$ cat coords_7.csv   # CSV, C-alpha atoms and all ligand atoms
chain,number,residue,atom,x,y,z
A,5,MET,CA,3.3,1.9,-14.1
A,6,ILE,CA,5.1,4.9,-12.4
A,7,LYS,CA,4.5,4.5,-8.7
A,8,PHE,CA,4.0,7.6,-6.6
A,9,LEU,CA,6.8,6.4,-4.4
A,10,ASP,CA,8.6,3.1,-5.0
A,11,LEU,CA,9.7,2.1,-1.5
A,12,GLU,CA,10.9,-1.3,-2.7
A,13,ARG,CA,13.3,0.4,-5.1
A,14,ILE,CA,14.4,2.8,-2.4
A,15,THR,CA,15.1,0.1,0.1
A,16,HIS,CA,16.9,-2.0,-2.5
A,17,SER,CA,19.2,0.9,-3.3
A,18,PHE,CA,20.6,0.7,0.3
A,19,GLU,CA,21.5,-3.0,0.1
A,20,PRO,CA,23.4,-4.9,1.2
A,21,GLY,CA,24.3,-2.3,3.9
A,22,LEU,CA,20.7,-2.1,5.2
A,23,SER,CA,20.4,-5.9,5.8
A,24,GLU,CA,23.8,-5.9,7.4
A,25,ALA,CA,22.8,-3.1,9.8
A,26,VAL,CA,19.5,-4.9,10.7
A,27,ASN,CA,21.4,-8.2,11.3
A,28,ARG,CA,24.0,-6.4,13.4
A,29,VAL,CA,21.2,-5.5,15.8
A,30,VAL,CA,19.4,-8.9,15.6
A,31,THR,CA,22.6,-10.7,16.6
A,32,SER,CA,23.6,-8.2,19.3
A,33,GLY,CA,20.8,-9.3,21.7
A,34,TRP,CA,20.1,-5.6,22.6
A,35,TYR,CA,16.9,-4.0,21.1
A,36,LEU,CA,16.0,-0.8,22.9
A,37,GLN,CA,17.8,2.1,24.5
A,38,GLY,CA,21.2,1.0,23.4
A,39,ARG,CA,24.3,2.0,21.4
A,40,GLU,CA,22.4,2.4,18.0
A,41,ASN,CA,20.1,5.0,19.6
A,42,GLU,CA,23.0,6.8,21.2
A,43,LYS,CA,24.8,6.9,17.9
A,44,PHE,CA,21.8,8.0,15.8
A,45,GLU,CA,20.8,10.7,18.3
A,46,ARG,CA,24.4,12.1,18.2
A,47,GLU,CA,24.6,12.0,14.4
A,48,TYR,CA,21.1,13.5,13.9
A,49,SER,CA,21.9,16.3,16.4
A,50,GLU,CA,25.0,17.1,14.4
A,51,TYR,CA,23.2,16.9,11.1
A,52,ILE,CA,20.3,19.2,12.2
A,53,GLY,CA,22.6,21.5,14.2
A,54,VAL,CA,21.1,21.2,17.7
A,55,SER,CA,22.4,20.0,21.0
A,56,HIS,CA,19.8,17.4,21.7
A,57,THR,CA,17.9,14.7,19.8
A,58,VAL,CA,15.5,12.3,21.7
A,59,GLY,CA,14.3,9.3,19.6
A,60,CYS,CA,10.7,8.3,20.1
A,61,ALA,CA,8.1,6.0,18.5
A,62,ASN,CA,6.8,8.2,15.7
A,63,GLY,CA,6.3,11.8,14.5
A,64,LEU,CA,2.9,12.3,16.2
A,65,ASP,CA,4.5,11.2,19.5
A,66,ALA,CA,7.4,13.6,18.9
A,67,LEU,CA,5.0,16.6,18.6
A,68,THR,CA,2.8,15.4,21.4
A,69,LEU,CA,5.8,14.9,23.8
A,70,ILE,CA,7.1,18.5,23.1
A,71,LEU,CA,3.8,20.0,24.1
A,72,ARG,CA,3.4,17.6,27.0
A,73,GLY,CA,6.9,18.6,28.1
A,74,TYR,CA,5.9,22.3,28.1
A,75,LYS,CA,2.9,21.5,30.2
A,76,GLU,CA,5.1,19.5,32.6
A,77,LEU,CA,7.4,22.5,32.8
A,78,GLY,CA,4.5,24.9,33.5
A,79,VAL,CA,4.8,26.8,30.2
A,80,MET,CA,1.4,25.8,29.0
A,81,GLN,CA,-1.9,24.7,30.7
A,82,ASP,CA,-5.1,23.0,29.6
A,83,GLY,CA,-7.1,25.3,27.3
A,84,ASP,CA,-4.2,27.3,26.1
A,85,GLU,CA,-4.0,27.9,22.3
A,86,VAL,CA,-1.4,26.8,19.7
A,87,LEU,CA,-1.4,28.4,16.2
A,88,VAL,CA,-1.0,25.9,13.4
A,89,PRO,CA,-1.5,26.1,9.6
A,90,SER,CA,-5.0,25.0,8.5
A,91,ASN,CA,-3.8,22.9,5.6
A,92,THR,CA,-1.4,20.7,7.5
A,93,TYR,CA,-1.6,16.9,7.9
A,94,ILE,CA,-3.9,16.3,10.8
A,95,ALA,CA,-1.2,14.8,13.1
A,96,SER,CA,0.1,18.4,13.8
A,97,MET,CA,-3.3,19.2,15.2
A,98,LEU,CA,-3.9,15.9,17.0
A,99,ALA,CA,-0.7,16.5,19.0
A,100,ILE,CA,-2.2,19.8,20.2
A,101,SER,CA,-5.6,18.4,21.0
A,102,GLU,CA,-4.3,15.3,22.8
A,103,ASN,CA,-2.7,17.7,25.3
A,104,GLY,CA,-5.9,19.5,26.1
A,105,LEU,CA,-4.7,22.5,24.1
A,106,VAL,CA,-6.7,24.2,21.4
A,107,PRO,CA,-5.4,24.3,17.8
A,108,VAL,CA,-6.0,27.7,16.2
A,109,LEU,CA,-6.1,27.4,12.4
A,110,VAL,CA,-4.1,29.9,10.4
A,111,GLU,CA,-4.6,30.2,6.7
A,112,PRO,CA,-1.8,29.4,4.3
A,113,ASP,CA,-0.4,31.5,1.4
A,114,MET,CA,-1.5,30.3,-2.1
A,115,GLU,CA,2.0,30.9,-3.6
A,116,THR,CA,4.0,28.9,-1.0
A,117,LEU,CA,1.2,26.7,0.4
A,118,GLN,CA,2.8,27.5,3.8
A,119,ILE,CA,1.3,29.3,6.8
A,120,SER,CA,0.9,32.9,5.9
A,121,PRO,CA,3.0,35.2,8.2
A,122,ALA,CA,0.6,38.0,7.5
A,123,ASN,CA,-2.3,36.0,9.1
A,124,ILE,CA,-0.4,35.0,12.3
A,125,GLU,CA,-0.7,38.1,14.3
A,126,LYS,CA,-4.5,38.4,13.8
A,127,CYS,CA,-4.9,35.0,15.4
A,128,ILE,CA,-3.0,35.7,18.6
A,129,THR,CA,-5.0,36.0,21.8
A,130,ASN,CA,-4.0,36.2,25.5
A,131,LYS,CA,-4.3,32.4,25.6
A,132,THR,CA,-1.8,31.8,22.8
A,133,LYS,CA,1.3,30.0,24.0
A,134,ALA,CA,2.9,28.6,20.9
A,135,LEU,CA,3.1,28.6,17.1
A,136,MET,CA,3.6,25.3,15.4
A,137,ILE,CA,4.9,25.8,11.9
A,138,VAL,CA,4.8,22.9,9.5
A,139,HIS,CA,7.4,22.6,6.7
A,140,LEU,CA,4.7,21.1,4.5
A,141,TYR,CA,5.6,19.2,1.3
A,142,GLY,CA,9.3,19.6,2.3
A,143,LYS,CA,9.4,23.4,1.9
A,144,CYS,CA,10.7,25.7,4.7
A,145,ALA,CA,7.8,27.6,6.3
A,146,TYR,CA,10.1,29.8,8.4
A,147,VAL,CA,10.7,33.4,7.6
A,148,ASN,CA,12.2,36.1,9.9
A,149,GLU,CA,8.8,37.6,10.4
A,150,ILE,CA,7.7,34.4,12.2
A,151,GLY,CA,10.7,34.4,14.6
A,152,ASP,CA,10.0,38.1,15.3
A,153,ALA,CA,6.3,37.5,16.0
A,154,CYS,CA,7.2,34.7,18.4
A,155,ARG,CA,9.7,36.9,20.3
A,156,ARG,CA,7.3,39.8,20.4
A,157,TYR,CA,4.4,37.8,21.9
A,158,GLY,CA,6.5,35.4,24.0
A,159,LEU,CA,5.4,32.3,22.0
A,160,LYS,CA,7.2,29.0,21.8
A,161,LEU,CA,8.1,28.2,18.2
A,162,ILE,CA,7.6,24.5,17.4
A,163,GLU,CA,8.5,23.0,14.1
A,164,ASP,CA,6.7,20.0,12.5
A,165,ASN,CA,9.6,18.8,10.5
A,166,ALA,CA,8.0,15.5,9.5
A,167,GLN,CA,8.2,16.2,5.8
A,168,ALA,CA,11.4,18.3,5.6
A,169,HIS,CA,14.5,16.4,6.8
A,170,GLY,CA,17.5,18.3,5.4
A,171,CYS,CA,15.7,21.4,4.4
A,172,MET,CA,17.5,24.7,5.0
A,173,PHE,CA,16.6,28.2,6.0
A,174,GLU,CA,19.7,30.3,4.9
A,175,ASP,CA,22.5,28.3,6.5
A,176,ARG,CA,20.5,26.5,9.1
A,177,ARG,CA,18.4,23.4,8.9
A,178,THR,CA,14.8,23.2,9.6
A,179,GLY,CA,14.4,21.4,13.0
A,180,SER,CA,16.9,23.9,14.5
A,181,LEU,CA,15.1,27.1,13.9
A,182,GLY,CA,12.6,27.2,16.8
A,183,ASP,CA,12.5,26.1,20.4
A,184,ALA,CA,11.8,22.4,19.5
A,185,ALA,CA,11.0,20.3,16.5
A,186,GLY,CA,9.2,17.0,15.9
A,187,HIS,CA,10.5,14.7,13.2
A,188,SER,CA,8.8,11.6,11.7
A,189,PHE,CA,10.7,8.6,10.2
A,190,TYR,CA,7.6,7.0,8.7
A,191,PRO,CA,8.9,4.8,5.8
A,192,GLY,CA,7.7,7.2,3.1
A,193,LYS,CA,9.3,10.3,4.5
A,194,ASN,CA,12.6,11.7,3.1
A,195,LEU,CA,14.5,10.0,6.0
A,196,GLY,CA,12.4,6.9,6.5
A,197,ALA,CA,12.8,3.9,8.8
A,198,LEU,CA,11.6,0.3,8.1
A,199,GLY,CA,8.6,0.9,10.3
A,200,ASP,CA,7.6,3.7,12.6
A,201,GLY,CA,10.1,6.1,14.2
A,202,GLY,CA,10.3,9.7,15.3
A,203,ALA,CA,12.5,12.2,17.2
A,204,VAL,CA,12.5,15.5,19.0
A,205,THR,CA,15.3,18.0,18.4
A,206,THR,CA,16.0,21.0,20.6
A,207,ASN,CA,18.7,23.2,22.1
A,208,ASP,CA,16.8,23.3,25.4
A,209,GLY,CA,18.4,20.8,27.7
A,210,THR,CA,15.6,21.0,30.3
A,211,LEU,CA,13.0,20.3,27.6
A,212,ALA,CA,15.1,17.4,26.2
A,213,ASN,CA,15.4,15.8,29.6
A,214,THR,CA,11.7,16.2,30.2
A,215,VAL,CA,10.7,14.7,26.9
A,216,ARG,CA,13.1,11.8,27.5
A,217,ARG,CA,11.5,11.2,30.9
A,218,LEU,CA,7.9,11.4,29.6
A,219,ALA,CA,8.7,9.0,26.7
A,220,ASN,CA,10.1,6.5,29.3
A,221,TYR,CA,7.1,6.1,31.6
A,222,GLY,CA,8.0,9.3,33.3
A,223,SER,CA,11.2,7.9,34.7
A,224,ASP,CA,14.9,9.1,34.7
A,225,ARG,CA,16.0,6.4,37.1
A,226,LYS,CA,14.9,2.8,36.9
A,227,TYR,CA,11.7,2.2,39.0
A,228,VAL,CA,11.5,5.9,40.1
A,229,PHE,CA,8.6,7.7,38.4
A,230,ASP,CA,8.5,11.5,38.6
A,231,SER,CA,5.9,12.2,35.8
A,232,LEU,CA,2.9,10.4,34.5
A,233,GLY,CA,4.7,9.3,31.3
A,234,ARG,CA,4.1,7.0,28.4
A,235,ASN,CA,6.2,4.5,26.5
A,236,SER,CA,7.4,6.0,23.2
A,237,ARG,CA,10.8,4.8,22.1
A,238,LEU,CA,12.8,4.3,18.9
A,239,ASP,CA,14.0,0.8,18.7
A,240,GLU,CA,17.6,-0.2,18.0
A,241,ILE,CA,16.8,-1.7,14.5
A,242,GLN,CA,15.2,1.5,13.3
A,243,ALA,CA,18.1,3.6,14.8
A,244,ALA,CA,20.6,1.5,12.9
A,245,VAL,CA,18.6,1.8,9.7
A,246,LEU,CA,18.3,5.6,10.1
A,247,SER,CA,22.1,6.0,10.8
A,248,LEU,CA,22.8,4.3,7.5
A,249,LYS,CA,20.2,6.2,5.5
A,250,LEU,CA,21.1,9.6,7.0
A,251,LYS,CA,24.5,9.4,5.2
A,252,ARG,CA,22.7,9.6,1.8
A,253,LEU,CA,20.0,12.1,2.8
A,254,ASP,CA,21.7,15.2,1.2
A,255,ALA,CA,22.4,13.3,-2.0
A,256,ASP,CA,18.8,12.0,-2.1
A,257,ASN,CA,17.4,15.5,-1.5
A,258,SER,CA,19.6,16.9,-4.4
A,259,ARG,CA,18.1,14.3,-6.7
A,260,ARG,CA,14.6,15.3,-5.6
A,261,ARG,CA,15.5,18.9,-6.4
A,262,GLU,CA,16.7,18.0,-9.9
A,263,ILE,CA,13.4,16.3,-10.6
A,264,ALA,CA,11.5,19.3,-9.1
A,265,SER,CA,13.5,21.7,-11.4
A,266,ARG,CA,12.4,19.7,-14.4
A,267,TYR,CA,8.8,19.7,-13.4
A,268,GLY,CA,9.1,23.5,-12.7
A,269,ASN,CA,10.7,24.2,-16.1
A,270,GLU,CA,9.0,21.8,-18.4
A,271,VAL,CA,5.4,21.5,-17.3
A,272,SER,CA,3.7,24.1,-19.5
A,273,ASN,CA,0.0,23.1,-19.6
A,274,PRO,CA,-2.1,26.2,-18.8
A,275,LEU,CA,-4.6,24.0,-17.0
A,276,ILE,CA,-1.9,23.1,-14.4
A,277,ARG,CA,-0.6,25.7,-12.0
A,278,ILE,CA,2.6,25.3,-10.1
A,279,PRO,CA,2.7,27.9,-7.3
A,280,ASP,CA,5.7,30.3,-7.6
A,281,GLY,CA,7.1,29.2,-4.3
A,282,ILE,CA,7.2,25.5,-5.5
A,283,LYS,CA,8.6,26.2,-9.0
A,284,VAL,CA,12.0,27.5,-7.9
A,285,ALA,CA,14.0,24.6,-6.5
A,286,GLY,CA,16.3,26.0,-3.8
A,287,LYS,CA,17.7,24.5,-0.6
A,288,ASP,CA,14.7,25.7,1.2
A,289,ASN,CA,12.8,22.8,-0.3
A,290,VAL,CA,13.6,19.1,-0.1
A,291,TYR,CA,10.5,18.1,-2.1
A,292,HIS,CA,9.0,15.5,0.1
A,293,LEU,CA,6.1,16.0,-2.2
A,294,TYR,CA,5.6,17.9,-5.5
A,295,PRO,CA,2.3,19.7,-5.3
A,296,ILE,CA,0.5,21.1,-8.3
A,297,LEU,CA,-2.8,22.8,-8.5
A,298,CYS,CA,-5.6,22.1,-11.1
A,299,GLU,CA,-9.2,23.2,-11.1
A,300,GLN,CA,-10.0,19.8,-12.7
A,301,ARG,CA,-7.9,17.9,-10.3
A,302,ASP,CA,-10.0,14.7,-10.1
A,303,ARG,CA,-10.2,14.4,-13.8
A,304,LEU,CA,-6.4,15.0,-14.1
A,305,GLN,CA,-5.8,12.3,-11.5
A,306,GLU,CA,-8.0,9.9,-13.4
A,307,TYR,CA,-6.3,10.7,-16.7
A,308,LEU,CA,-2.8,10.2,-15.2
A,309,LYS,CA,-3.9,6.9,-13.7
A,310,GLU,CA,-5.0,5.7,-17.2
A,311,GLU,CA,-1.6,6.7,-18.5
A,312,GLY,CA,0.0,4.6,-15.8
A,313,ILE,CA,1.1,7.4,-13.5
A,314,GLN,CA,0.2,7.2,-9.8
A,315,THR,CA,-0.6,10.4,-7.9
A,316,LEU,CA,-1.9,11.3,-4.5
A,317,ILE,CA,-3.9,14.2,-3.0
A,318,HIS,CA,-2.4,16.0,0.1
A,319,TYR,CA,-5.0,16.2,1.5
A,320,PRO,CA,-8.6,15.4,0.2
A,321,ILE,CA,-10.5,16.6,3.3
A,322,PRO,CA,-9.2,19.6,5.3
A,323,PRO,CA,-8.8,18.9,9.0
A,324,HIS,CA,-11.5,21.4,10.0
A,325,GLN,CA,-14.1,19.4,8.0
A,326,GLN,CA,-13.1,16.1,9.6
A,327,LYS,CA,-15.6,14.4,11.9
A,328,CYS,CA,-13.1,14.2,14.7
A,329,TYR,CA,-13.1,18.0,14.9
A,330,ALA,CA,-16.9,18.4,14.6
A,331,ARG,CA,-17.3,19.0,18.4
A,332,LYS,CA,-17.7,22.6,19.3
A,333,GLY,CA,-14.9,24.4,21.1
A,334,ILE,CA,-12.0,21.9,20.4
A,335,LEU,CA,-10.9,23.9,17.4
A,336,SER,CA,-10.5,27.7,16.9
A,337,ILE,CA,-11.1,29.1,13.5
A,338,PRO,CA,-10.6,32.9,13.6
A,339,ALA,CA,-11.4,33.5,9.9
A,340,PRO,CA,-13.0,31.5,7.0
A,341,LEU,CA,-10.5,29.0,5.6
A,342,LEU,CA,-11.1,29.8,1.9
A,343,VAL,CA,-7.4,29.4,0.8
A,344,SER,CA,-7.1,26.1,2.6
A,345,GLU,CA,-10.3,24.8,1.1
A,346,THR,CA,-9.2,25.8,-2.4
A,347,ILE,CA,-5.9,24.0,-1.9
A,348,HIS,CA,-7.7,20.9,-0.7
A,349,GLN,CA,-9.9,21.0,-3.8
A,350,GLN,CA,-7.1,21.6,-6.3
A,351,GLU,CA,-3.9,19.9,-5.0
A,352,LEU,CA,-2.4,16.9,-6.7
A,353,SER,CA,1.0,15.5,-5.8
A,354,LEU,CA,3.2,14.2,-8.6
A,355,PRO,CA,5.5,11.2,-8.3
A,356,ILE,CA,8.9,12.3,-6.9
A,357,SER,CA,11.7,10.3,-5.2
A,358,PRO,CA,15.4,9.9,-5.3
A,359,VAL,CA,15.1,6.6,-7.3
A,360,MET,CA,12.9,8.0,-10.1
A,361,THR,CA,14.7,7.8,-13.4
A,362,ASP,CA,15.0,10.7,-16.0
A,363,ASP,CA,12.9,8.7,-18.4
A,364,GLU,CA,10.1,8.4,-15.9
A,365,VAL,CA,10.2,12.1,-15.2
A,366,SER,CA,10.1,12.8,-18.9
A,367,TYR,CA,7.1,10.6,-19.3
A,368,VAL,CA,5.2,12.3,-16.5
A,369,ILE,CA,6.0,15.7,-18.0
A,370,LEU,CA,4.9,14.6,-21.5
A,371,LYS,CA,1.6,13.3,-20.2
A,372,LEU,CA,0.9,16.4,-18.0
A,373,ASN,CA,1.4,18.6,-21.1
A,374,LEU,CA,-1.0,16.5,-23.2
A,375,PHE,CA,-3.8,16.9,-20.7
A,376,LYS,CA,-6.8,18.7,-22.2
B,1,LIG,C1,3.9,12.1,8.8
B,1,LIG,C2,3.6,13.4,9.5
B,1,LIG,C3,3.4,13.4,10.8
B,1,LIG,C4,3.2,12.2,11.7
B,1,LIG,O1,4.3,11.4,11.7
B,1,LIG,P1,4.1,9.8,12.0
B,1,LIG,O2,5.5,9.3,12.2
B,1,LIG,O3,3.3,9.2,10.9
B,1,LIG,O4,3.3,9.8,13.3
B,1,LIG,C5,3.2,14.7,11.4
B,1,LIG,N1,3.1,15.8,10.7
B,1,LIG,C6,3.3,15.8,9.4
B,1,LIG,C7,3.2,17.1,8.6
B,1,LIG,C8,3.5,14.6,8.7
B,1,LIG,O5,3.6,14.6,7.4
$ encode --input "coords_7.csv" --output "structure tokens"
Amino acid sequence: MIKFLDLERITHSFEPGLSEAVNRVVTSGWYLQGRENEKFEREYSEYIGVSHTVGCANGLDALTLILRGYKELGVMQDGDEVLVPSNTYIASMLAISENGLVPVLVEPDMETLQISPANIEKCITNKTKALMIVHLYGKCAYVNEIGDACRRYGLKLIEDNAQAHGCMFEDRRTGSLGDAAGHSFYPGKNLGALGDGGAVTTNDGTLANTVRRLANYGSDRKYVFDSLGRNSRLDEIQAAVLSLKLKRLDADNSRRREIASRYGNEVSNPLIRIPDGIKVAGKDNVYHLYPILCEQRDRLQEYLKEEGIQTLIHYPIPPHQQKCYARKGILSIPAPLLVSETIHQQELSLPISPVMTDDEVSYVILKLNLFK
């Protein structure tokens, strides 16, 4: 059986260093807000190319804290609008909704599966305060047009980098392209912890301090509370794990790209479509996922399962059709989401990970090409 993502194999490939790192923290007697966090935050800032990293509990919190920080700083208020791609994972939108802001859903492009720059301007109103781009599937969603539009309309550019650690736009990393970025270290992500974890990266020192305060009960000094905060922290064990795994991230992403090149070059079944923007494996894609499109997606998934290949759908139900967004007024949909709905009906993600062997990749390609 070829697993979609063999986390056990991935974790094992970091041994014995991983257990040593965990043990170092266990025996240190210090489990939160300590040296491991300081070290990881410094290393991650250097890696992403920003001046500040603030560790937090998970990726959803990272995005939520950025927007909460902007509200705290008076940049946004209840009812303001944030543009977001309609085909993203729902967490991007939840972060907006949780802050009393309104997600405005922007259609993606069928060839990149990323937010379509051409659709952005049409969705801007006088309430729009930010654009949240999502480097979905590990592919860079940023293009110069997006930066230009944000400058022209005075919008904050927020990156959801949960799926794209290490991805590049020209010579800069995603997570350093906008005003602030949220990162997730959920175990299955390209840089994954052994549990939940997240971080905010930014070059804005005021925002970084605000996020850090909000994530620590609203306090900068012990027992002094300036904001109504929450508790959202990265623990020392996860920080130590992430420091270790960060060292191999570029090599792991290169391996993902090698596998992606093989899928792009060798899958030749006319029933399966690989969007052009996915097919060419450059540094603007770290292939967190390998999405293909097929009109008979469910039948293809069942066939692959019978052949011993596990696949997943990202995502089966689009956010705007979820029950949590059924209430009127909490979501803005300026135009019909036909592209998004097609993607949700046809998308299937193939197995991809740095520990997948060449033989396993060959087997997946062989079976894909035999599908009738
Ligand atoms: C995983 C993910 C998140 C949320 O991260 P968690 O750490 O699971 O809270 C947000 N956005 C996207 C695009 C994701 O894939």
$ residues_near_ligand --input "coords_7.csv" --ligand "ligand LIG 1 (chain B)" --cutoff "8 Å" --atoms "all atoms listed in the file" --output "list in words"
Ala61, Asn62, Gly63, Leu64, Asp65, Ala66, Leu67, Thr92, Tyr93, Ile94, Ala95, Ser96, Val138, His139, Leu140, Tyr141, Asp164, Asn165, Ala166, Gln167, Gly186, His187, Ser188, Phe189, Tyr190, Lys193, Asp200, Gly201 and Gly202 of chain A
$ closest_atom_pairs --input "coords_7.csv" --of "region 200-317 of chain A" --to "region 68-72 of chain A" --cutoff "8 Å" --atoms "only C-alpha atoms" --output "JSON lines"
{"residue": "A:Val204", "atom": "CA", "partner": "A:Ile70", "partner_atom": "CA", "distance": 7.4}
{"residue": "A:Leu211", "atom": "CA", "partner": "A:Ile70", "partner_atom": "CA", "distance": 7.6}
{"residue": "A:Val215", "atom": "CA", "partner": "A:Leu69", "partner_atom": "CA", "distance": 5.8}
{"residue": "A:Leu218", "atom": "CA", "partner": "A:Leu69", "partner_atom": "CA", "distance": 7.1}
{"residue": "A:Ala219", "atom": "CA", "partner": "A:Leu69", "partner_atom": "CA", "distance": 7.2}
$ write_last_selection --input "coords_7.csv" --atoms "C-alpha atoms" --output "CSV table (one decimal), keeping the file's coordinate frame"
chain,number,residue,atom,x,y,z
A,204,VAL,CA,12.5,15.5,19.0
A,211,LEU,CA,13.0,20.3,27.6
A,215,VAL,CA,10.7,14.7,26.9
A,218,LEU,CA,7.9,11.4,29.6
A,219,ALA,CA,8.7,9.0,26.7
$ closest_residue --input "coords_7.csv" --among "A:Ala203, A:Cys127, A:Leu22, A:Ala264" --to "Met360 (chain A)" --atoms "all atoms listed in the file"
A:Ala264
$ residues_near_point --input "coords_7.csv" --point "(-4.9, 18.9, -7.1)" --cutoff "6 Å" --atoms "all atoms listed in the file" --output "PDB file with C-alpha atoms, keeping the file's coordinate frame"
ATOM      1  CA  ILE A 296       0.500  21.100  -8.300  1.00  0.00           C
ATOM      2  CA  LEU A 297      -2.800  22.800  -8.500  1.00  0.00           C
ATOM      3  CA  CYS A 298      -5.600  22.100 -11.100  1.00  0.00           C
ATOM      4  CA  ARG A 301      -7.900  17.900 -10.300  1.00  0.00           C
ATOM      5  CA  GLN A 350      -7.100  21.600  -6.300  1.00  0.00           C
ATOM      6  CA  GLU A 351      -3.900  19.900  -5.000  1.00  0.00           C
ATOM      7  CA  LEU A 352      -2.400  16.900  -6.700  1.00  0.00           C
TER       8      LEU A 352
END
$ residues_around --input "coords_7.csv" --residues "region 41-52 of chain A" --least-positions-apart "2" --cutoff "8 Å" --atoms "all atoms listed in the file" --output "ChimeraX atom specification"
/A:36-39,54-59,170,176-180,205,238-240,243-244,246-247,250
$ atom_distance --input "coords_7.csv" --atom1 "CA of Ser357 (chain A)" --atom2 "CA of Tyr319 (chain A)"
18.9 Å
$ atom_distance --input "coords_7.csv" --atom1 "CA of Thr361 (chain A)" --atom2 "CA of Leu195 (chain A)"
19.5 Å
$ residues_around --input "coords_7.csv" --residues "region 8-15 of chain A" --least-positions-apart "6" --cutoff "9 Å" --atoms "only C-alpha atoms" --output "ChimeraX atom specification"
/A:22,191-192,198,313-316,353-360
$ closest_residue --input "coords_7.csv" --among "A:Met5, A:Gly142, A:Leu341, A:Ala197" --to "Val245 (chain A)" --atoms "all atoms listed in the file"
A:Ala197
$ closest_atom_pairs --input "coords_7.csv" --of "region 70-140 of chain A" --to "region 144-156 of chain A" --cutoff "9 Å" --atoms "all atoms listed in the file" --output "Markdown table"
| residue | atom | partner | partner_atom | distance |
| --- | --- | --- | --- | --- |
| A:Thr116 | CA | A:Ala145 | CA | 8.3 |
| A:Leu117 | CA | A:Ala145 | CA | 8.9 |
| A:Gln118 | CA | A:Ala145 | CA | 5.6 |
| A:Ile119 | CA | A:Ala145 | CA | 6.7 |
| A:Ser120 | CA | A:Ala145 | CA | 8.7 |
| A:Pro121 | CA | A:Ile150 | CA | 6.2 |
| A:Ala122 | CA | A:Glu149 | CA | 8.7 |
| A:Ile124 | CA | A:Ala153 | CA | 8.1 |
| A:Glu125 | CA | A:Ala153 | CA | 7.2 |
| A:Ala134 | CA | A:Cys154 | CA | 7.9 |
| A:Leu135 | CA | A:Cys154 | CA | 7.5 |
| A:Ile137 | CA | A:Ala145 | CA | 6.6 |
| A:Val138 | CA | A:Ala145 | CA | 6.4 |
| A:His139 | CA | A:Cys144 | CA | 4.9 |
| A:Leu140 | CA | A:Ala145 | CA | 7.4 |
$ closest_residue --input "coords_7.csv" --among "A:Lys75, A:Lys126, A:Lys133, A:Lys309" --to "Pro338 (chain A)" --atoms "only C-alpha atoms"
A:Lys126
$ closest_residue --input "coords_7.csv" --among "A:Ile334, A:Lys376, A:Pro323, A:Ala168" --to "Gln300 (chain A)" --atoms "all atoms listed in the file"
A:Lys376
$ residues_near_point --input "coords_7.csv" --point "(-8.1, 20.6, 2.8)" --cutoff "6 Å" --atoms "only C-alpha atoms" --output "list in words"
Asn91, Tyr319, Pro320, Ile321, Pro322, Ser344, Glu345 and His348 of chain A
$ closest_residue --input "coords_7.csv" --among "A:Trp34, A:Phe18, A:Phe375, A:Tyr157" --to "Ile276 (chain A)" --atoms "only C-alpha atoms"
A:Phe375
$ atom_distance --input "coords_7.csv" --atom1 "CA of Asp82 (chain A)" --atom2 "CA of Leu342 (chain A)"
29.1 Å
$ residues_around --input "coords_7.csv" --residues "Leu105 (chain A)" --least-positions-apart "3" --cutoff "10 Å" --atoms "only C-alpha atoms" --output "ChimeraX atom specification"
/A:71-72,75,80-86,97-102,108,132-133,334-335
$ closest_residue --input "coords_7.csv" --among "A:Met136, A:Ile6, A:Leu77, A:Leu372" --to "Leu275 (chain A)" --atoms "only C-alpha atoms"
A:Leu372
